[in-house]
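Novice: Below is a structure I'd like to ask you about.
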Amino acid sequence: MTPAPGGRTSTVDVLAVFAALRRRAPLLLVAVALGGSLGLGNALLATPMYTSTATVLFSLDRGQSVNELVQGANYAQTLVQTYTEVATAPVVLGPVVSDLDLGTSPQLLARSIDVKAPLNTTLMDIEVTRTSAPESARIANAVAAELARAVASLAPEDTEAGITVRTIAPAVTPVNTSSPNKPLSLATGLAVGGALGIALVLLLEVVLATTTDRAAVGRATSSPVLALVPRSRAASEDRDPAVVEAHRTLRTNLSFLHRRGSSHVVVLTSAASGDGKTTTAIALARSSASTGQRVLLVDADLRRPVLADRLGLLASAGLSTVLTGRVTLDDVLQPGPGGIDVLASGVCPPNPSELLASTEMRELLELARSRYDCVVLDCAPVLPVTDAAVLARQTDGAVVVVDARRTQVRALAEVDLRLRSAGAAVAGVIINRTARTRSSYYGQRRSAWWSGRRTGLGRGGRPGTGLRSGAPVAPVAPVAPNASVASNASDA
Ligand SMILES: Nc1ncnc2c1ncn2[C@@H]1O[C@H](COP(=O)(O)OP(=O)(O)OP(=O)(O)O)[C@@H](O)[C@H]1O
Ligand SMILES: [Mg+2]
C-alpha cells in the first residue's frame, strides 16, 4: 500500500488490506481454486508410493550386575547412531540388491531408505519406500537381516560384550500408499494459491489503486476531501439533485478554509484530462453566486478551452486577450448563468505557461480579488503541463478533482507533489464520479469497507480506467485540519 503521508495508524492499513481483498475477492478465489486444482492434480498424477518399516533392537549379550547393564545400554545407544549410517552403506545394501535381484545399485537403493534411531533407545527404524508394496516390505526385512550380519562381522573380535541386532517388528506389506497424500496436497495447493492471490491483490492495489474513497485519497495527500460528487445519471449534472448537493458541500467546505469576509481565488485542476474540472468549476461558481457572492469564473485552460462553449458564450476574447494587453477585463467579461461573470479563454496562445506566470496575470488576479468575493479558475491538468502549478501558486490554492474510478493514487500523489513543489497550496480534493448507492440522497456514510460492493476494471468508463468500488457516495465532511466542515447531507 502507498504509505500514508504523515503516517496513519496500522488499523487503517489493516482495514484497507481487508477492503482490497474483499473488493478483489473473485481474483482471490480464482487463485485459491487454481492452487487447489494444481495441488490435487499433482497428487493424482504422482506415482503411488508404499512405505514399510522394520524395527530392530541393538543389545549387548553380556552383563551381570545392574551397573554393567546400564553401561551396556549406553554403549548400545552410542553404537545405534553409528549404525544408522551403516544401514544404508554398500556393505549392507550390496547383498540386499543381489539377494532380492533388484536390478539397481546400492547407492540408488539407499535413496529409498530412511533410517531413524529414536532418541534414548537402542531401537532403529528402517523405512523403505517403493512403488511396490510387497517389495518395500521385502527390502526392509532384508536390510534388517543384512544389518545384523554386518554388525556381527564389523564388531571387534576380542570384545567380551558382543552387540546383537534383532528384528523386533518385521516389515509387513502396506495396504495404503504413503504418498501422494491427496488431502495434504490439496491443502498445500489451496494455501499456496491463497498466499499468491493475496500477494497479487496487494500488488494490484499498489499499482492500480484509484482514488475511490477518502482512505485512498489520504494515502496520496494530506489535503482534505472537500466533497464526493456522485456519477450523474441526468443528461446534465446540474439537474441531478445528488450532484447539486455535493457541489453545495464543496462550496461550504471551501468557504470554511478561507477567512470570513475575504475574497478567495481557487484553481480547479486534476491529474489528467476529463476528470471533471470544468464541470466542477461551473458548479462551484454557480453555487457560490446563489449565496449572494460576487463570482468570477475564468477559463484559464488556455490549451483546450471549453468553458465558453459550455455556457453558450463567446470564446474568442477573454483571458489571453487581456494578458496580452489588447483589452481590459471589463471589455471581455460576459454574464454567465446564475449571475456569475465569466472570463472566457480568448484565442489559444502559443505560450500558455508563460502567460499564466506573467506579471499581467498576477495583476489581473489582484484586480479580480478586489472586485469579487470568489474567483474560480478552470485550468489544464497538472501532469501533462505546468499551467496549473504556475497559476495555483498565485492563488489561495488548488482544488484537485479526481475521478473515483480512473485517477490512480500514484497520480494524485504526483499532482500533490508537483503543486507543492511549485509553491502552491493544495486546498483540497474532490472525488468525482463516485458510485451511487440508494442512500445517496440522504447523506449516509458508506465506506468501501462496509458497503462490500464489487469492484471491476474500468467498467463503463474510459479505456484503461481503474477500479470501481462501493466508495462512500453520500459523502461526509472532509477532515480539514483546523476547520469545521460540512457533509453533503448537512450542508445547506
Ligand atoms: N459527476 C459527474 N457525473 C457524470 N458525468 C460527469 C461528472 N463530472 C463530469 N462529468 C462529465 O465528464 C465529462 C468531462 O468533464 P469536464 O469537461 O468537466 O472534465 P475536464 O476535467 O474539465 O476535462 P478537460 O481536462 O478536457 O478540460 C463531461 O462530459 C462532463 O459532463
Ligand atoms: Mg476542462
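Every chain in the C-alpha cells has a letter given in the order shown (A, B, ...), and although residue numbers restart at 1 in each chain, ligands are simply numbered from 1 in the order shown.
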Please extract the residues of range 210-457 of chain A with a backbone DSSP assignment of strand (DSSP E) and present them as a count of residues only.
Specialist: 44
Novice: Fewer than 4 positions away in the same chain doesn't count, so skip those; otherwise give me all residues within 10 Å of Tyr75 in chain A, counting only C-alpha atoms, as a list in words.
Specialist: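 My reading of the contact set: Phe58, Ser59, Leu60, Leu69, Val70, Gln71, Leu79, Val80, Thr122 and Ile163 of chain A.
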Novice: Give me the residues near range 363-372 of chain A as number ranges by chain, where near means some atom within 9 Å (using only C-alpha atoms) and where sequence neighbours in that chain fewer than 5 positions away do not count.
Specialist: A: 262-265, 293-296, 322-323, 329, 358, 394-395
Novice: What gap, in Å, lies between CA of Ala380 in chain A and CA of Asp301 in chain A?
Specialist: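 Spanning CA of Ala380 in chain A to CA of Asp301 in chain A is a straight-line distance of 4.8 Å.
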Novice: Expressed in Å to a single decimal, how great is the separation between CA of Thr321 in chain A and CA of Gly336 in chain A?
Specialist: 18.8 Å
Novice: Determine, for each residue of chain A having at least one atom at most 9 Å from an atom of ligand 1, the closest pair of atoms and their separation in Å to one decimal, counting only C-alpha atoms and all ligand atoms; order by chain and ascending number, as a tab-separated table.
Specialist:
residue	atom	partner	partner_atom_place_in_ligand_line	distance
A:Leu228	CA	ligand 1	1 (N)	8.9
A:Val229	CA	ligand 1	1 (N)	5.4
A:Pro230	CA	ligand 1	1 (N)	5.2
A:Arg231	CA	ligand 1	3 (N)	3.6
A:Ser232	CA	ligand 1	3 (N)	3.6
A:Arg233	CA	ligand 1	4 (C)	6.6
A:Ala234	CA	ligand 1	4 (C)	7.8
A:Ala235	CA	ligand 1	31 (O)	8.1
A:Ser236	CA	ligand 1	31 (O)	6.6
A:Glu237	CA	ligand 1	3 (N)	6.1
A:Asp240	CA	ligand 1	3 (N)	9.0
A:Val243	CA	ligand 1	1 (N)	6.5
A:Leu268	CA	ligand 1	22 (O)	8.7
A:Thr269	CA	ligand 1	21 (O)	7.2
A:Ser270	CA	ligand 1	21 (O)	6.6
A:Ala271	CA	ligand 1	21 (O)	8.6
A:Ala272	CA	ligand 1	25 (O)	6.1
A:Ser273	CA	ligand 1	25 (O)	3.2
A:Gly274	CA	ligand 1	23 (O)	3.2
A:Asp275	CA	ligand 1	21 (O)	3.9
A:Gly276	CA	ligand 1	18 (O)	3.3
A:Lys277	CA	ligand 1	21 (O)	3.8
A:Thr278	CA	ligand 1	22 (O)	3.7
A:Thr279	CA	ligand 1	18 (O)	3.6
A:Thr280	CA	ligand 1	18 (O)	6.2
A:Ala281	CA	ligand 1	18 (O)	7.8
A:Ile282	CA	ligand 1	18 (O)	8.6
A:Asp301	CA	ligand 1	27 (O)	7.2
A:Arg303	CA	ligand 1	27 (O)	8.9
A:Arg304	CA	ligand 1	27 (O)	6.4
A:Pro305	CA	ligand 1	27 (O)	7.0
A:Val306	CA	ligand 1	27 (O)	7.0
A:Leu307	CA	ligand 1	17 (O)	8.5
A:Arg310	CA	ligand 1	17 (O)	8.9
A:Asp378	CA	ligand 1	22 (O)	7.5
A:Cys379	CA	ligand 1	27 (O)	7.4
A:Ala380	CA	ligand 1	25 (O)	5.9
A:Pro381	CA	ligand 1	25 (O)	5.8
A:Val401	CA	ligand 1	21 (O)	7.6
A:Val402	CA	ligand 1	21 (O)	8.8
A:Asp403	CA	ligand 1	8 (N)	8.4
A:Ile431	CA	ligand 1	1 (N)	8.8
A:Asn432	CA	ligand 1	1 (N)	5.2
A:Arg433	CA	ligand 1	1 (N)	4.3
A:Thr434	CA	ligand 1	1 (N)	7.4
Novice: Considering only C-alpha atoms and all ligand atoms, state which residue in the set A:Ser222, A:Ser255, A:Ser345, A:Thr210 is at the smallest distance from ligand 2.
Specialist: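 Comparing A:Ser222, A:Ser255, A:Ser345, A:Thr210 against ligand 2, the winner is A:Ser345.
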Novice: Please report, as a ChimeraX atom specification, each residue of range 79-296 of chain A to which DSSP assigns alpha helix (DSSP H) when run on this structure's backbone.
Specialist: /A:79-86,90-100,106-110,133-154,182-208,214-218,241-256,277-289
Novice: Here is a test: counting only C-alpha atoms, which residue of A:Val409, A:Ala435, A:Val96, A:Ala300 is nearest to Val376 in chain A?
Specialist: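 Checking each of A:Val409, A:Ala435, A:Val96, A:Ala300 against Val376 in chain A, counting only C-alpha atoms, the winner is A:Ala300.
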Novice: One decimal, Å: what's the distance from CA of Ala76 in chain A over to CA of Thr88 in chain A, could you say?
Specialist: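 Computing it gives 18.8 Å between the two atoms.
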Novice: Counting only C-alpha atoms and all ligand atoms, which residue out of A:Val128, A:Val267, A:Val91, A:Ala133 sits closest to ligand 2?
Specialist: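 Smallest distance to ligand 2 is found for A:Val267.
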Novice: Pick the closest to Leu377 in chain A from A:Ala140, A:Leu257, A:Leu123, A:Val266: which is it, counting only C-alpha atoms?
Specialist: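 Looking at the shortest contact to Leu377 in chain A, the residue is A:Val266.
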Novice: Measuring atom to atom with only C-alpha atoms and all ligand atoms, identify which of A:Asp330, A:Ala187, A:Asp309, A:Ala357 is nearest to ligand 2.
Specialist: A:Asp309
Novice: Which is closer to ligand 2 than all the others in A:Ala25, A:Leu302, A:Ala427, A:Leu196, using only C-alpha atoms and all ligand atoms?
Specialist: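 Looking only at the distances to ligand 2, the closest residue turns out to be A:Leu302.
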